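Undergrad: Got a structure here, written out as C-alpha cells. Questions coming.
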4 protein chains.
Amino acid sequence: MTDDFPPELVVSRWFNTRTPLTLQGLRGRVVVLHAFQMLCPGCVSHALPQAEKLHRMFGAADVAVVGLHTVFEHHAAMTPLALEAFIHEYRLTFPIGVDQAGTNGPLPVTMERYGLRGTPTTLVIDRTGRLRQHHFGQMDDLALGYTVGALLAEAARPVEAAAADDAKDGCDEAGCAVPSR
Amino acid sequence: MTDDFPPELVVSRWFNTRTPLTLQGLRGRVVVLHAFQMLCPGCVSHALPQAEKLHRMFGAADVAVVGLHTVFEHHAAMTPLALEAFIHEYRLTFPIGVDQAGTNGPLPVTMERYGLRGTPTTLVIDRTGRLRQHHFGQMDDLALGYTVGALLAEAARPVEAAAADDAKDGCDEAGCAVPSR
Amino acid sequence: MTDDFPPELVVSRWFNTRTPLTLQGLRGRVVVLHAFQMLCPGCVSHALPQAEKLHRMFGAADVAVVGLHTVFEHHAAMTPLALEAFIHEYRLTFPIGVDQAGTNGPLPVTMERYGLRGTPTTLVIDRTGRLRQHHFGQMDDLALGYTVGALLAEAARPVEAAAADDAKDGCDEAGCAVPSR
Amino acid sequence: MTDDFPPELVVSRWFNTRTPLTLQGLRGRVVVLHAFQMLCPGCVSHALPQAEKLHRMFGAADVAVVGLHTVFEHHAAMTPLALEAFIHEYRLTFPIGVDQAGTNGPLPVTMERYGLRGTPTTLVIDRTGRLRQHHFGQMDDLALGYTVGALLAEAARPVEAAAADDAKDGCDEAGCAVPSR
C-alpha cells in the first residue's frame with residue numbers, strides 16, 4: 001500500500017451527481033476511485049461491474065465509489081456524449097467524472113498527476129484522505145473487499161480536524177466544488 | 001427456422017475487408033450475420049466474442065461471419081469513427097459493415113428491411129442464400145454450432161446456378177460490390 | 001476426425017435408463033459419448049453440464065447423449081453408490097453407464113478398449129456407427145454443436161441394413177443388451 | 001451480524017493439518033469456517049474455490065480458513081475416504097475437518113450445535129472468538145473480503161487474556177486438541 005495525500009481530481013464534467021465531488025469533500029469516508037475508459041475491454045467486463053456492485057453493496061456504509069473517465073487514446077470516439085450513452089446502456093449509477101483533457105499530450109490532467117499506468121486502475125483512499133492502494137489492472141473482489149473493510153474499520157480522524165478542513169474548502173455534506181490549487 | 005431469401009445488405013462503410021461484401025457474393029457459403037451495436041451490453045459480453053470465435057474456428061470451413069452495426073439509438077455516440085476504435089480495442093477480425101442510416105426514422109436501412117427487433121440478432125443464411133435462422137437475443141454456442149454444422153453439411157446448389165449468379169452480379173471470389181436493387 | 005467402428009460399451013450398471021444401451025441399438029442416431037469421473041474437476045465444471053445441456057437441447061433431434069463413468073483412479077471413492085448420489089445432486093438426466101472394472105489394472109474395460117487418455121473425453125459417433133470425433137479434454141460448445149449438426153445432417157444409412165443389424169443383435173428401439181463379442 | 005461465542009468444533013478426522021484445530025486455539029486470528037459437502041454443487045462451484053482463494057490470499061495475514069465437512073445426506077457416498085480423494089483432485093490446501101457423525105439423526109454434531117441450515121454455510125469468527133457472520137448459501141467475494149478486512153482491523157484482545165486461554169486449553173501455536181466440553 002502507498003501512503004500519500006493524492007492530488008485533487010480535475011474533472012470537466014460529472015455524471016450521476018448533482019454536485020461536483022472532490023477528495024476534500026469526501027474526507028471521512030473511504031473512497032474507491034475507478035479510472036477507466038469506455039472502450040477498454042477489461043474495464044467493461046470487470047472493473048466497472050465491480051465498481052457498480054461495490055457502490056450498491058457498501059454505498060450506505062461510508063464508502064464513496066467514484067468513476068474517473070481517463071481517456072488517453074481514441075479521444076474522438078470517447079467523448080462525454082458517448083460516455084453519457086455508455087453510462088445509460090450499462091446502467092451505471094455511481095458518480096463518474098470526466099478527467100480534464102490535457103494540454104501537452106494525450107494524457108488527461110488527473111491521470112498524469114497520479115502517474116496512472118493505464119486503465120483500469122483502482123485507487124483506494126482512507127478516511128483521512130491518504131492514498132492507500134494503487135492497483136493497475138483487474139483487481140480481485142476478495143482483495144478489494146478486504147481493503148475497503150480494513151480501511152472502514154480504521155478510526156476516522158478527529159472531528160476537529162475534519163471541521164477545519166471543511167471550513168477551509170467550503171464543502172457541504174453532499175460534496176464540494178473543486179478547490180483552487 | 002425461416003426459409004426466405006433475405007434482402008441484400010445496405011452498408012455505408014466496411015471494416016476488416018478490402019472488398020464490400022454482399023449476400024449474392026457469399027452464395028455457396030453459410031453466412032452468419034451478427035447485428036449489433038457497440039454500446040449494447042449483451043452484444044459486447046456475448047454475441048461479439050461468439051462471432052469472433054466462430055470466425056476463427058470455422059472461417060476456413062466455408063462459413064462467412066459478417067457483423068452489421070445496426071445503430072437505432074444514441075446515433076451521435078456510435079459513429080463509424082467510434083466503431084473503428086471499438087473494433088480495434090476489442091480486436092475483432094471478421095468483416096463488419098455499418099448499416100446505412102435511414103431517412104425516415106432512427107432505424108438503419110437493412111435493419112428495417114429485415115424487421116429486426118433489436119440487438120444482438122443472429123441471422124444464419126444457407127449456401128443457397130435462404131435465411132434459415134433469425135434469433136433475437138443471446139444465442140447459445142451449442143445451438144449456433146449445431147445450425148452452422150447442419151447447414152454446411154447440406155449440399156450446395158448446382159454449380160451452373162452459382163456461376164450464373166456470379167455473372168449477374170459481377171462478383172469475384174473475395175466479395176462483391178453492393179448490387180443495384 | 002477418426003472413422004472407425006468403435007468397440008461396444010461394456011457397462012456393469014446403468015442410471016437414468018430402464019434398458020441397457022448399446023451402440024448397436026443406437027444405430028441411426030448420432031451418439032455423443034461423455035467419458036468422465038465424478039471427482040474430475042474439468043468434468044464437473046465443464047463436460048457434464050455440457051452433456052446435460054446437449055441432452056436437453058437435442059434429445060428430440062435424433063441425438064443420444066450417453067455418459068460413461070470411466071474410473072481409473074480413487075476406485076474406492078467413486079463407487080456406483082457414490083455415483084448415484086452424485087447424479088442425484090447434480091440433477092443429471094441423460095443415461096449414464098458404469099464402465100466395467102478391469103481385471104488387469106486400474107483401467108476399466110471400455111476405456112481400455114477405446115484407448116482413452118483420460119477424462120473428460122468426448123466421443124461422437126455418426127448414424128452409421130462410425131467414430132467420427134475423439135476429443136480428450138474440455139471441448140468447446142461451438143465445436144461440439146457443429147459436429148453434432150453436421151453428422152445429423154448426413155443421410156442415415158439404408159433402412160435394410162439397419163433392419164439386418166437389429167436382427168443380428170436382438171435390439172429393440174429402446175436399446176439392447178450388450179452383444180457377445 | 002451475530003455476536004456470540006460459538007460452540008467448539010467436533011471433528012472426527014482432519015485433513016491438511018498435522019495438529020487438530022480448535023476455535024480456542026485459533027483465538028487472536030480471524031477464522032473463516034466453510035461448512036460444505038463434497039457432493040453439493042454450490043459448494044464445489046463457488047464456496048470451496050472461494051475458501052481456497054481466501055486461504056492463499058490472506059493465510060499470512062492472520063486469517064485462518066477452515067473447512068468443515070458437514071455430511072447430512074448421502075452418508076455412504078461422502079465418506080472420509082471419498083473426501084480424501086476429493087481434496088486431492090480439487091487441490092484444496094486449507095485445513096478441513098470431518099464433522100463428527102451424530103447419534104440421533106442424519107445431522108453431524110457441530111452442524112446441529114450451530115443450527116446450520118445447509119451447505120454451503122460461511123461462518124466468520126473475530127479475533128476474540130465471537131461469531132460475527134453466519135451466511136447460508138453462496139457468499140459474494142466483495143462481501144466476504146469486506147468482513148474479513150473489517151474484523152482483521154479490529155484490535156485483538158489483550159495479550160494476558162490470550163495467554164490465559166492458551167494455558168487453559170493446552171494449545172500450542174500450531175493448533176490444539178479438541179477441549180473436553
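Starting from 1 in every chain, residues are counted up; chains themselves are A, B, ... following the order of the C-alpha cells, and ligands are numbered from 1 as listed.
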Using only C-alpha atoms, which chain C residues lie at most 9 Å away from chain D, written as a ChimeraX atom specification?

TA: /C:39-41,44-45,74,76-79,81-86,89-90

Undergrad: The selected residues should be written to file as a CSV table (one decimal), in the first residue's frame (atoms: all heavy atoms).

TA:
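Below you can see selection31.csv, which holds the result:
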chain,number,residue,atom,x,y,z
C,39,LEU,N,-15.1,-37.3,-9.7
C,39,LEU,CA,-14.2,-36.5,-8.9
C,39,LEU,C,-13.2,-35.7,-9.8
C,39,LEU,O,-12.1,-35.3,-9.4
C,39,LEU,CB,-13.4,-37.3,-7.9
C,39,LEU,CG,-14.3,-37.8,-6.7
C,39,LEU,CD1,-13.5,-38.5,-5.7
C,39,LEU,CD2,-15.1,-36.7,-6.1
C,40,CYS,N,-13.5,-35.7,-11.1
C,40,CYS,CA,-12.6,-35.0,-12.1
C,40,CYS,C,-13.1,-33.5,-12.2
C,40,CYS,O,-14.2,-33.3,-12.7
C,40,CYS,CB,-12.6,-35.7,-13.4
C,40,CYS,SG,-12.4,-34.8,-14.9
C,41,PRO,N,-12.4,-32.5,-11.8
C,41,PRO,CA,-12.9,-31.2,-11.8
C,41,PRO,C,-13.3,-30.7,-13.1
C,41,PRO,O,-14.3,-30.0,-13.3
C,41,PRO,CB,-11.7,-30.4,-11.2
C,41,PRO,CG,-11.0,-31.3,-10.3
C,41,PRO,CD,-11.1,-32.6,-11.0
C,44,VAL,N,-16.7,-32.0,-13.9
C,44,VAL,CA,-17.8,-31.4,-13.2
C,44,VAL,C,-18.1,-30.0,-13.6
C,44,VAL,O,-19.3,-29.6,-13.7
C,44,VAL,CB,-17.5,-31.5,-11.7
C,44,VAL,CG1,-18.5,-30.7,-10.8
C,44,VAL,CG2,-17.4,-32.9,-11.2
C,45,SER,N,-17.1,-29.2,-13.9
C,45,SER,CA,-17.3,-27.8,-14.2
C,45,SER,C,-17.7,-27.6,-15.7
C,45,SER,O,-18.4,-26.7,-16.0
C,45,SER,CB,-16.1,-27.0,-13.9
C,45,SER,OG,-15.0,-27.3,-14.8
C,74,HIS,N,-8.7,-43.6,-7.6
C,74,HIS,CA,-9.6,-43.4,-6.5
C,74,HIS,C,-10.9,-44.4,-6.6
C,74,HIS,O,-12.0,-43.9,-6.4
C,74,HIS,CB,-10.1,-42.0,-6.4
C,74,HIS,CG,-9.0,-41.0,-6.4
C,74,HIS,ND1,-8.1,-40.9,-5.4
C,74,HIS,CD2,-8.8,-39.9,-7.2
C,74,HIS,CE1,-7.2,-39.9,-5.7
C,74,HIS,NE2,-7.7,-39.3,-6.7
C,76,ALA,N,-12.1,-46.6,-4.7
C,76,ALA,CA,-12.9,-46.8,-3.5
C,76,ALA,C,-13.8,-45.6,-3.2
C,76,ALA,O,-14.8,-45.7,-2.5
C,76,ALA,CB,-11.9,-47.0,-2.3
C,77,ALA,N,-13.4,-44.5,-3.8
C,77,ALA,CA,-14.2,-43.3,-3.6
C,77,ALA,C,-15.3,-43.1,-4.6
C,77,ALA,O,-16.4,-42.6,-4.3
C,77,ALA,CB,-13.3,-42.0,-3.6
C,78,MET,N,-15.1,-43.6,-5.8
C,78,MET,CA,-16.0,-43.4,-6.9
C,78,MET,C,-16.8,-44.7,-7.2
C,78,MET,O,-16.8,-45.2,-8.3
C,78,MET,CB,-15.3,-42.8,-8.1
C,78,MET,CG,-14.7,-41.4,-7.8
C,78,MET,SD,-14.1,-40.6,-9.3
C,78,MET,CE,-12.4,-41.2,-9.4
C,79,THR,N,-17.5,-45.2,-6.2
C,79,THR,CA,-18.3,-46.4,-6.3
C,79,THR,C,-19.6,-46.1,-7.1
C,79,THR,O,-20.0,-44.9,-7.2
C,79,THR,CB,-18.6,-46.9,-5.0
C,79,THR,OG1,-19.4,-45.9,-4.3
C,79,THR,CG2,-17.4,-47.2,-4.2
C,81,LEU,N,-22.5,-46.5,-5.9
C,81,LEU,CA,-23.3,-45.8,-4.9
C,81,LEU,C,-23.0,-44.3,-4.8
C,81,LEU,O,-23.9,-43.5,-4.7
C,81,LEU,CB,-23.1,-46.5,-3.5
C,81,LEU,CG,-23.9,-46.1,-2.3
C,81,LEU,CD1,-24.1,-47.3,-1.4
C,81,LEU,CD2,-23.3,-44.9,-1.6
C,82,ALA,N,-21.7,-44.0,-4.8
C,82,ALA,CA,-21.3,-42.6,-4.8
C,82,ALA,C,-21.8,-41.9,-6.0
C,82,ALA,O,-22.3,-40.7,-6.0
C,82,ALA,CB,-19.8,-42.4,-4.6
C,83,LEU,N,-21.7,-42.6,-7.2
C,83,LEU,CA,-22.1,-42.0,-8.4
C,83,LEU,C,-23.6,-41.7,-8.4
C,83,LEU,O,-24.1,-40.7,-8.9
C,83,LEU,CB,-21.8,-43.0,-9.6
C,83,LEU,CG,-22.2,-42.5,-11.0
C,83,LEU,CD1,-21.5,-41.3,-11.4
C,83,LEU,CD2,-22.0,-43.7,-12.0
C,84,GLU,N,-24.4,-42.6,-7.8
C,84,GLU,CA,-25.8,-42.4,-7.7
C,84,GLU,C,-26.2,-41.1,-7.0
C,84,GLU,O,-27.0,-40.3,-7.4
C,84,GLU,CB,-26.5,-43.6,-7.0
C,84,GLU,CG,-28.0,-43.6,-7.0
C,84,GLU,CD,-28.6,-44.9,-6.6
C,84,GLU,OE1,-27.9,-45.6,-5.8
C,84,GLU,OE2,-29.7,-45.2,-7.0
C,85,ALA,N,-25.5,-40.9,-5.9
C,85,ALA,CA,-25.7,-39.6,-5.1
C,85,ALA,C,-25.3,-38.4,-6.0
C,85,ALA,O,-25.9,-37.4,-6.0
C,85,ALA,CB,-24.9,-39.7,-3.8
C,86,PHE,N,-24.1,-38.6,-6.6
C,86,PHE,CA,-23.6,-37.5,-7.5
C,86,PHE,C,-24.6,-37.1,-8.6
C,86,PHE,O,-25.0,-36.0,-8.8
C,86,PHE,CB,-22.3,-38.0,-8.1
C,86,PHE,CG,-21.7,-37.0,-9.1
C,86,PHE,CD1,-20.9,-35.9,-8.7
C,86,PHE,CD2,-21.9,-37.2,-10.5
C,86,PHE,CE1,-20.4,-35.0,-9.6
C,86,PHE,CE2,-21.4,-36.3,-11.4
C,86,PHE,CZ,-20.6,-35.2,-10.9
C,89,GLU,N,-27.5,-35.2,-7.0
C,89,GLU,CA,-27.2,-33.9,-6.6
C,89,GLU,C,-27.0,-32.9,-7.8
C,89,GLU,O,-27.4,-31.8,-7.7
C,89,GLU,CB,-26.0,-33.9,-5.6
C,89,GLU,CG,-26.3,-34.5,-4.3
C,89,GLU,CD,-27.5,-33.8,-3.6
C,89,GLU,OE1,-27.6,-32.6,-3.7
C,89,GLU,OE2,-28.3,-34.5,-3.0
C,90,TYR,N,-26.4,-33.5,-8.8
C,90,TYR,CA,-26.1,-32.6,-10.0
C,90,TYR,C,-27.3,-32.6,-11.0
C,90,TYR,O,-27.2,-32.0,-12.1
C,90,TYR,CB,-24.8,-33.0,-10.6
C,90,TYR,CG,-23.6,-32.4,-9.9
C,90,TYR,CD1,-23.0,-33.0,-8.8
C,90,TYR,CD2,-23.1,-31.1,-10.2
C,90,TYR,CE1,-22.0,-32.5,-8.1
C,90,TYR,CE2,-22.1,-30.6,-9.5
C,90,TYR,CZ,-21.5,-31.2,-8.4
C,90,TYR,OH,-20.5,-30.7,-7.7

Undergrad: Excluding Pro7 of chain B and its own-chain neighbours fewer than 2 positions away, which residues fall within 9 Å of it when counting only C-alpha atoms? Please give them as a list in words.

TA: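 Near Pro7 of chain B, the qualifying residues are Phe5, Leu9, Val10, Leu23, Thr110, Arg113 and Tyr114 of chain B.
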
Undergrad: Could those residues be written to a file, using all heavy atoms, as a PDB file, in the first residue's frame?

TA:
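Below is the file that was written, part08.pdb:
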ATOM      1  N   PHE B   5     -35.501 -15.760 -48.989  1.00  0.00           N
ATOM      2  CA  PHE B   5     -34.326 -15.041 -49.462  1.00  0.00           C
ATOM      3  C   PHE B   5     -34.360 -13.663 -48.834  1.00  0.00           C
ATOM      4  O   PHE B   5     -35.275 -12.889 -49.119  1.00  0.00           O
ATOM      5  CB  PHE B   5     -34.338 -14.942 -50.991  1.00  0.00           C
ATOM      6  CG  PHE B   5     -34.034 -16.248 -51.648  1.00  0.00           C
ATOM      7  CD1 PHE B   5     -35.067 -17.072 -52.080  1.00  0.00           C
ATOM      8  CD2 PHE B   5     -32.723 -16.674 -51.790  1.00  0.00           C
ATOM      9  CE1 PHE B   5     -34.782 -18.293 -52.673  1.00  0.00           C
ATOM     10  CE2 PHE B   5     -32.443 -17.897 -52.392  1.00  0.00           C
ATOM     11  CZ  PHE B   5     -33.473 -18.718 -52.829  1.00  0.00           C
ATOM     12  N   LEU B   9     -27.746  -6.662 -48.104  1.00  0.00           N
ATOM     13  CA  LEU B   9     -27.207  -5.738 -47.109  1.00  0.00           C
ATOM     14  C   LEU B   9     -27.038  -4.349 -47.724  1.00  0.00           C
ATOM     15  O   LEU B   9     -26.603  -4.232 -48.881  1.00  0.00           O
ATOM     16  CB  LEU B   9     -25.840  -6.229 -46.617  1.00  0.00           C
ATOM     17  CG  LEU B   9     -25.782  -7.668 -46.103  1.00  0.00           C
ATOM     18  CD1 LEU B   9     -24.333  -8.040 -45.766  1.00  0.00           C
ATOM     19  CD2 LEU B   9     -26.678  -7.839 -44.895  1.00  0.00           C
ATOM     20  N   VAL B  10     -27.373  -3.304 -46.966  1.00  0.00           N
ATOM     21  CA  VAL B  10     -27.118  -1.930 -47.421  1.00  0.00           C
ATOM     22  C   VAL B  10     -26.162  -1.295 -46.414  1.00  0.00           C
ATOM     23  O   VAL B  10     -26.541  -0.997 -45.283  1.00  0.00           O
ATOM     24  CB  VAL B  10     -28.416  -1.121 -47.526  1.00  0.00           C
ATOM     25  CG1 VAL B  10     -28.121   0.263 -48.108  1.00  0.00           C
ATOM     26  CG2 VAL B  10     -29.425  -1.863 -48.403  1.00  0.00           C
ATOM     27  N   LEU B  23     -24.589 -10.487 -49.932  1.00  0.00           N
ATOM     28  CA  LEU B  23     -25.091 -11.849 -49.772  1.00  0.00           C
ATOM     29  C   LEU B  23     -24.965 -12.608 -51.094  1.00  0.00           C
ATOM     30  O   LEU B  23     -24.622 -13.792 -51.105  1.00  0.00           O
ATOM     31  CB  LEU B  23     -26.550 -11.813 -49.299  1.00  0.00           C
ATOM     32  CG  LEU B  23     -26.764 -11.163 -47.924  1.00  0.00           C
ATOM     33  CD1 LEU B  23     -28.229 -11.264 -47.517  1.00  0.00           C
ATOM     34  CD2 LEU B  23     -25.882 -11.812 -46.864  1.00  0.00           C
ATOM     35  N   THR B 110     -30.953  -1.642 -43.534  1.00  0.00           N
ATOM     36  CA  THR B 110     -31.008  -3.103 -43.549  1.00  0.00           C
ATOM     37  C   THR B 110     -31.812  -3.628 -42.371  1.00  0.00           C
ATOM     38  O   THR B 110     -32.623  -4.553 -42.510  1.00  0.00           O
ATOM     39  CB  THR B 110     -29.573  -3.697 -43.506  1.00  0.00           C
ATOM     40  OG1 THR B 110     -28.744  -3.005 -44.421  1.00  0.00           O
ATOM     41  CG2 THR B 110     -29.582  -5.179 -43.836  1.00  0.00           C
ATOM     42  N   ARG B 113     -35.461  -3.329 -43.186  1.00  0.00           N
ATOM     43  CA  ARG B 113     -35.905  -4.289 -44.217  1.00  0.00           C
ATOM     44  C   ARG B 113     -36.006  -5.710 -43.660  1.00  0.00           C
ATOM     45  O   ARG B 113     -36.850  -6.490 -44.075  1.00  0.00           O
ATOM     46  CB  ARG B 113     -34.930  -4.281 -45.398  1.00  0.00           C
ATOM     47  CG  ARG B 113     -35.050  -3.011 -46.229  1.00  0.00           C
ATOM     48  CD  ARG B 113     -34.242  -3.112 -47.507  1.00  0.00           C
ATOM     49  NE  ARG B 113     -34.267  -1.823 -48.211  1.00  0.00           N
ATOM     50  CZ  ARG B 113     -33.431  -1.496 -49.176  1.00  0.00           C
ATOM     51  NH1 ARG B 113     -32.494  -2.353 -49.574  1.00  0.00           N
ATOM     52  NH2 ARG B 113     -33.526  -0.320 -49.758  1.00  0.00           N
ATOM     53  N   TYR B 114     -35.124  -6.059 -42.752  1.00  0.00           N
ATOM     54  CA  TYR B 114     -35.140  -7.402 -42.158  1.00  0.00           C
ATOM     55  C   TYR B 114     -36.167  -7.502 -41.024  1.00  0.00           C
ATOM     56  O   TYR B 114     -36.426  -8.584 -40.520  1.00  0.00           O
ATOM     57  CB  TYR B 114     -33.759  -7.755 -41.588  1.00  0.00           C
ATOM     58  CG  TYR B 114     -32.778  -8.323 -42.588  1.00  0.00           C
ATOM     59  CD1 TYR B 114     -32.212  -7.512 -43.568  1.00  0.00           C
ATOM     60  CD2 TYR B 114     -32.401  -9.658 -42.541  1.00  0.00           C
ATOM     61  CE1 TYR B 114     -31.299  -8.017 -44.470  1.00  0.00           C
ATOM     62  CE2 TYR B 114     -31.486 -10.171 -43.452  1.00  0.00           C
ATOM     63  CZ  TYR B 114     -30.939  -9.350 -44.403  1.00  0.00           C
ATOM     64  OH  TYR B 114     -30.033  -9.863 -45.298  1.00  0.00           O
TER      65      TYR B 114
END

Undergrad: Assign secondary structure with DSSP using the backbone only, and return the residues of segment 2-181 of chain A in helix (DSSP H, G or I) as a ChimeraX atom specification.

TA: /A:41-61,80-89,109-114,141-153,159-169

Undergrad: Just the strand (DSSP E) stuff from segment 36-148 of chain D, please, per backbone DSSP, written as a VMD selection string.

TA: chain D and resid 36 63 to 69 96 to 99 121 to 125 131 to 136

Undergrad: May I have the residues within 10 Å of Leu116 of chain D as a PDB file with C-alpha atoms, in the first residue's frame, using only C-alpha atoms and disregarding those fewer than 6 positions away in the same chain?

TA:
ATOM      1  CA  ALA D  35     -19.276 -25.821   6.063  1.00  0.00           C
ATOM      2  CA  THR D  70     -20.889 -31.468   7.385  1.00  0.00           C
ATOM      3  CA  LEU D 107     -27.054 -34.230  11.143  1.00  0.00           C
ATOM      4  CA  THR D 110     -21.130 -29.461  15.011  1.00  0.00           C
ATOM      5  CA  THR D 122     -19.852 -19.433   5.775  1.00  0.00           C
ATOM      6  CA  LEU D 123     -19.181 -18.528   9.415  1.00  0.00           C
ATOM      7  CA  HIS D 134     -23.421 -16.646   9.607  1.00  0.00           C
ATOM      8  CA  HIS D 135     -24.266 -16.850   5.913  1.00  0.00           C
ATOM      9  CA  PHE D 136     -26.174 -19.742   4.329  1.00  0.00           C
TER      10      PHE D 136
END
